[in-house]
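**Student:** Below is a structure I'd like to ask you about.
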Amino acid sequence: MKKKIGRLALTLLLSFSTVLSACSGGSNEAGDSGSGDGKVTLSFWTLFDGGDGANMQTLVDEFNKAHPDIEVKNTKLAWGEYYTKLITAVGNGNGPDIGISHSSRLPDLINQGVVTELDTPATDAGVDWSTYNQNLLDAVTVEGQHYAVPIDTHPFIMFYNKKLLIDAGLLGEDGKPILEQSADGFVSFLQTLKEKLPAKTTPFALSNNNDDPYRLWWSLYSQLGGNDVVSDDLKSAAIDKEKGIKAADYIQKLYTEGYIKKNDPDFYKNFQSGTAAIIMTGVWTTGTWESTKGLEFGAMPIPKFYDQEATWGDSHTIVLPLTKDEDPAKRKAAMTFADWVADNGQVWAKAGHIPSKPSVLEKQEFKDLPYRSDYSEVASVVKFSKHSTKNAQIRDEAAFKFLNEVWANKMTPADAMNNMETAIQKIVRE
């Protein structure tokens, strides 16, 4: 992922673009350096709405109050349009000074020359990288250089309905599930739920396709010690088929044995309405469950099914897009802002995310937030994918495509792994 190659590709791509004007002009342009009184003005593009959007605006407002020499102007873009507009605007020389990227999207932005490395401005701003969770930091470090400031991780965890677990005799006095941490122990847990609860109650709410069952498969595959599905040089498929088969077979049986409702039209609603005992999904739903009247729930890491703790996850990160002048003063100020946001992760954690700095977990304001401390340890065991520009394509065209057939009991796990390997090999060689 050499930056100069990416920039050339981006320039060629955008020479044919017809939508440049949609992202240019106004105070969002990188050339807007602010007032003449020495204050540095920074344009900041975000993709957050709802609670995330409100929390980020709070952080921006508080930062501006605490830093009279820097003003951050937050522009909220629609999530579905954000990355396209960011890439287009940067190619046209009208990108923002600061942006947001999921760590999973970072390889694409680096490859296209959209974002810049951060080590020089980070040094100027006095950023101490050792204050960040190393697992999250590794996910944004490419060829020894930092390309983003992680502000959270939002992993795949488990939520449980306390009332239903009490009814099944599976809630301990500590308010946590009575659950043996093993593959067999989890099945035994689900079997007890199935036997003890009414027939209309779903033991385990999970989608029948795409994201969340894939996240569970990735988590189990990682717990078994499975390596990434692409090789270290990113040029060939490297899926450990034996481990992939074992993980897929285990999950397939959860469907076929009736622990997961087939053709569930809305598995979120199933849990939210109190008719599902557990659900596995992302931490971003914590706020949804909190706001649901009458839902008594708990949160925890997914069980340790196999040899090592691991789960799927992604991160929100702050990036510095390529700008016209690469003004050192603005880049230093931008890094000051990014590091400050990470330092104040207790505000960002209100949406359910796990802060990127371990020190934030010790703040009383964070500890006072319910549920978050029950799963904050997961940050260190999130299993991120390699820094490949093909990750999204591999997920959609290989993993989703064939694993969905397994969950529907239309394909064996062995056939799915063989098909995935062939598909991944084709994708990485394109």
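We name chains A, B, ... following the order of the structure tokens; residues begin at 1 in each chain, and ligands are numbered from 1 as shown.
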Find the nearest atom pair between each residue of region 44-155 of chain A and region 306-319 of chain A for residues within 8 Å, count only C-alpha atoms, give distances in Å to one decimal, sort rows by chain and ascending number, and present the table as a Markdown table.

**Tutor:**
```
| residue | atom | partner | partner_atom | distance |
| --- | --- | --- | --- | --- |
| A:Ile98 | CA | A:Val319 | CA | 5.9 |
| A:Gly99 | CA | A:Val319 | CA | 5.1 |
| A:Ile100 | CA | A:Ile318 | CA | 4.7 |
| A:Ser101 | CA | A:Thr317 | CA | 5.3 |
| A:His102 | CA | A:His316 | CA | 4.6 |
| A:Ser103 | CA | A:Ser315 | CA | 5.3 |
| A:Ser104 | CA | A:Asp314 | CA | 6.4 |
| A:Val115 | CA | A:Val319 | CA | 6.5 |
| A:Thr116 | CA | A:Val319 | CA | 7.7 |
| A:Leu136 | CA | A:Ser315 | CA | 7.5 |
| A:Tyr147 | CA | A:Val319 | CA | 6.8 |
| A:Ala148 | CA | A:Val319 | CA | 4.8 |
| A:Val149 | CA | A:Ile318 | CA | 5.0 |
| A:Pro150 | CA | A:Thr317 | CA | 4.2 |
| A:Ile151 | CA | A:Thr317 | CA | 5.4 |
| A:Asp152 | CA | A:Ser315 | CA | 5.5 |
| A:Thr153 | CA | A:Ser315 | CA | 4.2 |
| A:His154 | CA | A:Asp314 | CA | 5.6 |
| A:Pro155 | CA | A:Gly313 | CA | 3.8 |
```

**Student:** Selected residues, all heavy atoms, written as a compact mmCIF listing (two decimals), in the first residue's frame, please.

**Tutor:**
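What ended up in selection12.txt:
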```txt
# COMPACT_ATOMS: atom_id res chain seq x y z
N ILE A 98 -9.71 16.83 9.26
CA ILE A 98 -9.85 15.66 10.11
C ILE A 98 -11.02 14.83 9.60
O ILE A 98 -12.02 15.38 9.14
CB ILE A 98 -10.12 16.04 11.59
CG1 ILE A 98 -9.25 17.20 12.04
CG2 ILE A 98 -9.93 14.85 12.51
CD1 ILE A 98 -9.64 17.77 13.40
N GLY A 99 -10.89 13.51 9.69
CA GLY A 99 -11.97 12.64 9.27
C GLY A 99 -12.10 11.45 10.20
O GLY A 99 -11.31 11.28 11.14
N ILE A 100 -13.09 10.65 9.91
CA ILE A 100 -13.33 9.41 10.65
C ILE A 100 -13.15 8.24 9.69
O ILE A 100 -13.51 8.32 8.52
CB ILE A 100 -14.76 9.37 11.23
CG1 ILE A 100 -14.93 10.42 12.33
CG2 ILE A 100 -15.11 7.98 11.75
CD1 ILE A 100 -14.17 10.12 13.61
N SER A 101 -12.58 7.15 10.19
CA SER A 101 -12.53 5.92 9.42
C SER A 101 -12.71 4.73 10.35
O SER A 101 -12.18 4.73 11.46
CB SER A 101 -11.19 5.77 8.68
OG SER A 101 -11.10 4.50 8.04
N HIS A 102 -13.48 3.74 9.91
CA HIS A 102 -13.44 2.45 10.60
C HIS A 102 -12.07 1.85 10.32
O HIS A 102 -11.51 2.02 9.23
CB HIS A 102 -14.53 1.52 10.06
CG HIS A 102 -15.92 1.93 10.44
ND1 HIS A 102 -16.61 2.90 9.74
CD2 HIS A 102 -16.74 1.51 11.44
CE1 HIS A 102 -17.81 3.05 10.29
NE2 HIS A 102 -17.91 2.22 11.33
N SER A 103 -11.53 1.13 11.27
CA SER A 103 -10.23 0.50 11.03
C SER A 103 -10.30 -0.48 9.87
O SER A 103 -9.33 -0.65 9.13
CB SER A 103 -9.72 -0.21 12.30
OG SER A 103 -10.61 -1.23 12.69
N SER A 104 -11.47 -1.08 9.65
CA SER A 104 -11.63 -2.03 8.54
C SER A 104 -11.57 -1.34 7.18
O SER A 104 -11.26 -1.99 6.17
CB SER A 104 -12.96 -2.79 8.68
OG SER A 104 -14.05 -1.89 8.70
N VAL A 115 -5.61 9.20 3.13
CA VAL A 115 -5.17 9.56 4.47
C VAL A 115 -3.65 9.55 4.54
O VAL A 115 -2.98 8.88 3.76
CB VAL A 115 -5.76 8.62 5.55
CG1 VAL A 115 -7.27 8.70 5.55
CG2 VAL A 115 -5.30 7.18 5.33
N THR A 116 -3.12 10.28 5.51
CA THR A 116 -1.67 10.42 5.65
C THR A 116 -1.20 9.76 6.95
O THR A 116 -1.98 9.57 7.89
CB THR A 116 -1.28 11.91 5.69
OG1 THR A 116 -1.90 12.53 6.82
CG2 THR A 116 -1.75 12.62 4.43
N LEU A 136 -5.66 -2.37 19.64
CA LEU A 136 -6.34 -1.41 18.76
C LEU A 136 -5.33 -0.61 17.94
O LEU A 136 -5.58 -0.26 16.79
CB LEU A 136 -7.22 -0.46 19.58
CG LEU A 136 -8.21 -1.10 20.55
CD1 LEU A 136 -9.15 -0.04 21.12
CD2 LEU A 136 -9.01 -2.21 19.87
N TYR A 147 -1.47 5.32 11.07
CA TYR A 147 -2.30 6.02 10.09
C TYR A 147 -3.63 6.50 10.67
O TYR A 147 -4.41 7.13 9.96
CB TYR A 147 -2.57 5.12 8.89
CG TYR A 147 -1.45 5.11 7.87
CD1 TYR A 147 -0.40 4.22 7.98
CD2 TYR A 147 -1.43 6.03 6.82
CE1 TYR A 147 0.64 4.21 7.05
CE2 TYR A 147 -0.41 6.04 5.89
CZ TYR A 147 0.63 5.13 6.01
OH TYR A 147 1.65 5.13 5.10
N ALA A 148 -3.89 6.20 11.91
CA ALA A 148 -5.15 6.62 12.52
C ALA A 148 -5.01 6.60 14.03
O ALA A 148 -4.14 5.91 14.58
CB ALA A 148 -6.29 5.71 12.09
N VAL A 149 -5.86 7.36 14.68
CA VAL A 149 -5.94 7.37 16.15
C VAL A 149 -7.20 6.61 16.53
O VAL A 149 -8.32 7.09 16.28
CB VAL A 149 -6.01 8.81 16.70
CG1 VAL A 149 -6.20 8.79 18.21
CG2 VAL A 149 -4.75 9.59 16.32
N PRO A 150 -7.09 5.43 17.10
CA PRO A 150 -8.30 4.70 17.50
C PRO A 150 -8.98 5.40 18.67
O PRO A 150 -8.31 5.82 19.62
CB PRO A 150 -7.77 3.33 17.91
CG PRO A 150 -6.35 3.56 18.30
CD PRO A 150 -5.86 4.69 17.45
N ILE A 151 -10.29 5.55 18.59
CA ILE A 151 -11.02 6.16 19.72
C ILE A 151 -11.90 5.12 20.41
O ILE A 151 -12.46 5.41 21.47
CB ILE A 151 -11.86 7.37 19.29
CG1 ILE A 151 -12.91 7.00 18.24
CG2 ILE A 151 -10.95 8.49 18.78
CD1 ILE A 151 -13.86 8.15 17.91
N ASP A 152 -12.02 3.93 19.82
CA ASP A 152 -12.82 2.89 20.47
C ASP A 152 -12.57 1.55 19.80
O ASP A 152 -11.86 1.45 18.80
CB ASP A 152 -14.32 3.22 20.39
CG ASP A 152 -14.92 3.09 18.98
OD1 ASP A 152 -14.53 2.19 18.23
OD2 ASP A 152 -15.80 3.89 18.62
N THR A 153 -13.20 0.53 20.32
CA THR A 153 -13.52 -0.67 19.57
C THR A 153 -14.97 -0.99 19.85
O THR A 153 -15.47 -0.72 20.95
CB THR A 153 -12.61 -1.87 19.92
OG1 THR A 153 -12.98 -2.98 19.07
CG2 THR A 153 -12.75 -2.29 21.36
N HIS A 154 -15.66 -1.49 18.85
CA HIS A 154 -17.05 -1.90 19.02
C HIS A 154 -17.15 -3.36 18.60
O HIS A 154 -17.39 -3.69 17.45
CB HIS A 154 -18.02 -1.00 18.25
CG HIS A 154 -17.57 -0.59 16.88
ND1 HIS A 154 -16.69 0.43 16.65
CD2 HIS A 154 -17.91 -1.06 15.66
CE1 HIS A 154 -16.49 0.58 15.36
NE2 HIS A 154 -17.23 -0.32 14.72
N PRO A 155 -16.96 -4.26 19.56
CA PRO A 155 -16.89 -5.69 19.28
C PRO A 155 -18.23 -6.41 19.39
O PRO A 155 -19.26 -5.85 19.79
CB PRO A 155 -15.93 -6.19 20.36
CG PRO A 155 -16.22 -5.31 21.52
CD PRO A 155 -16.55 -3.96 20.94
```

**Student:** Excluding same-chain residues fewer than 6 positions from Glu362 (chain A), what lies within 12 Å of it counting only C-alpha atoms, as a PyMOL selection string?

**Tutor:** chain A and resi 343-346+355+368-369+372-373+376

**Student:** For the helix (DSSP H, G or I) assignment from backbone DSSP, which residues of region 267-395 of chain A qualify? Please present them as an MDAnalysis selection string.

**Tutor:** chainID A and resid 267:272 283:290 328:343 345:351 358:362 364:367 372:381 391:395

**Student:** Among region 29-102 of chain A, which residues carry a DSSP assignment of strand (DSSP E or B), reported as a VMD selection string?

**Tutor:** chain A and resid 40 to 46 70 to 76 98 to 102

**Student:** Excluding region 256-266 of chain A and residues on its chain fewer than 6 positions from it, collect all residues at most 9 Å away from it, counting only C-alpha atoms, and give them as a PyMOL selection string.

**Tutor:** chain A and resi 187+190-191+193-194+202-208+407-409

**Student:** Which residue gives the smallest distance to Gln57 (chain A) among A:Ile427, A:Leu403, A:Val341, A:Val127, with only C-alpha atoms counted?

**Tutor:**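 Comparing A:Ile427, A:Leu403, A:Val341, A:Val127 against Gln57 (chain A), the winner is A:Val341.
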
**Student:** So how far away is CA of His67 (chain A) from CA of Gly126 (chain A), in Å?

**Tutor:** 15.4 Å

**Student:** A:Leu86, A:Leu171, A:Val428, A:Val229: which is nearest Ser385 (chain A), counting only C-alpha atoms?

**Tutor:**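 Counting only C-alpha atoms, the residue closest to Ser385 (chain A) is A:Val229.
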
**Student:** Write out as a Markdown table the residues of region 73-135 of chain A that have any atom within 7 Å of an atom of region 140-146 of chain A, one row each with the nearest atom pair and its distance in Å to one decimal, counting only C-alpha atoms, sorted by chain and then rising number.

**Tutor:**
```
| residue | atom | partner | partner_atom | distance |
| --- | --- | --- | --- | --- |
| A:Ser103 | CA | A:Val140 | CA | 6.3 |
| A:Glu117 | CA | A:His146 | CA | 5.8 |
| A:Leu118 | CA | A:His146 | CA | 5.6 |
| A:Asp119 | CA | A:His146 | CA | 6.1 |
```

**Student:** Counting only C-alpha atoms, which residue out of A:Phe189, A:Tyr371, A:Trp79, A:Phe63 sits closest to Phe48 (chain A)?

**Tutor:**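 Answer, going by the shortest atom-to-atom distance: A:Trp79.
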
**Student:** Give me the residues near Ala183 (chain A) as a PyMOL selection string, where near means some atom within 12 Å (using only C-alpha atoms) and where sequence neighbours in that chain fewer than 5 positions away do not count.

**Tutor:** chain A and resi 188-190+220+223-224+246-247+249-251+253-254+302-308

**Student:** Just want the 8 Å neighbourhood of Val347 (chain A), counted on only C-alpha atoms, with same-chain residues fewer than 2 positions away dropped. Output as a list in words.

**Tutor:**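 Those residues are Asn55, Leu59, Asn344, Gly345, Ala349, Lys350 and Phe366 of chain A.
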
**Student:** Please tabulate, as a tab-separated table, the residues of region 320-405 of chain A that come within 12 Å of region 239-245 of chain A, each with its closest pair of atoms and the distance in Å to one decimal, counting only C-alpha atoms and ordering rows by chain, then residue number upward.

**Tutor:**
```
residue	atom	partner	partner_atom	distance
A:Ile394	CA	A:Ile239	CA	11.6
A:Ala398	CA	A:Ile239	CA	11.5
A:Ala399	CA	A:Gly244	CA	10.7
A:Phe402	CA	A:Ile245	CA	12.0
A:Leu403	CA	A:Gly244	CA	10.3
```

**Student:** Just the number, please: distance in Å from CA of Ala423 (chain A) to CA of Asp233 (chain A), one decimal.

**Tutor:** 17.4 Å
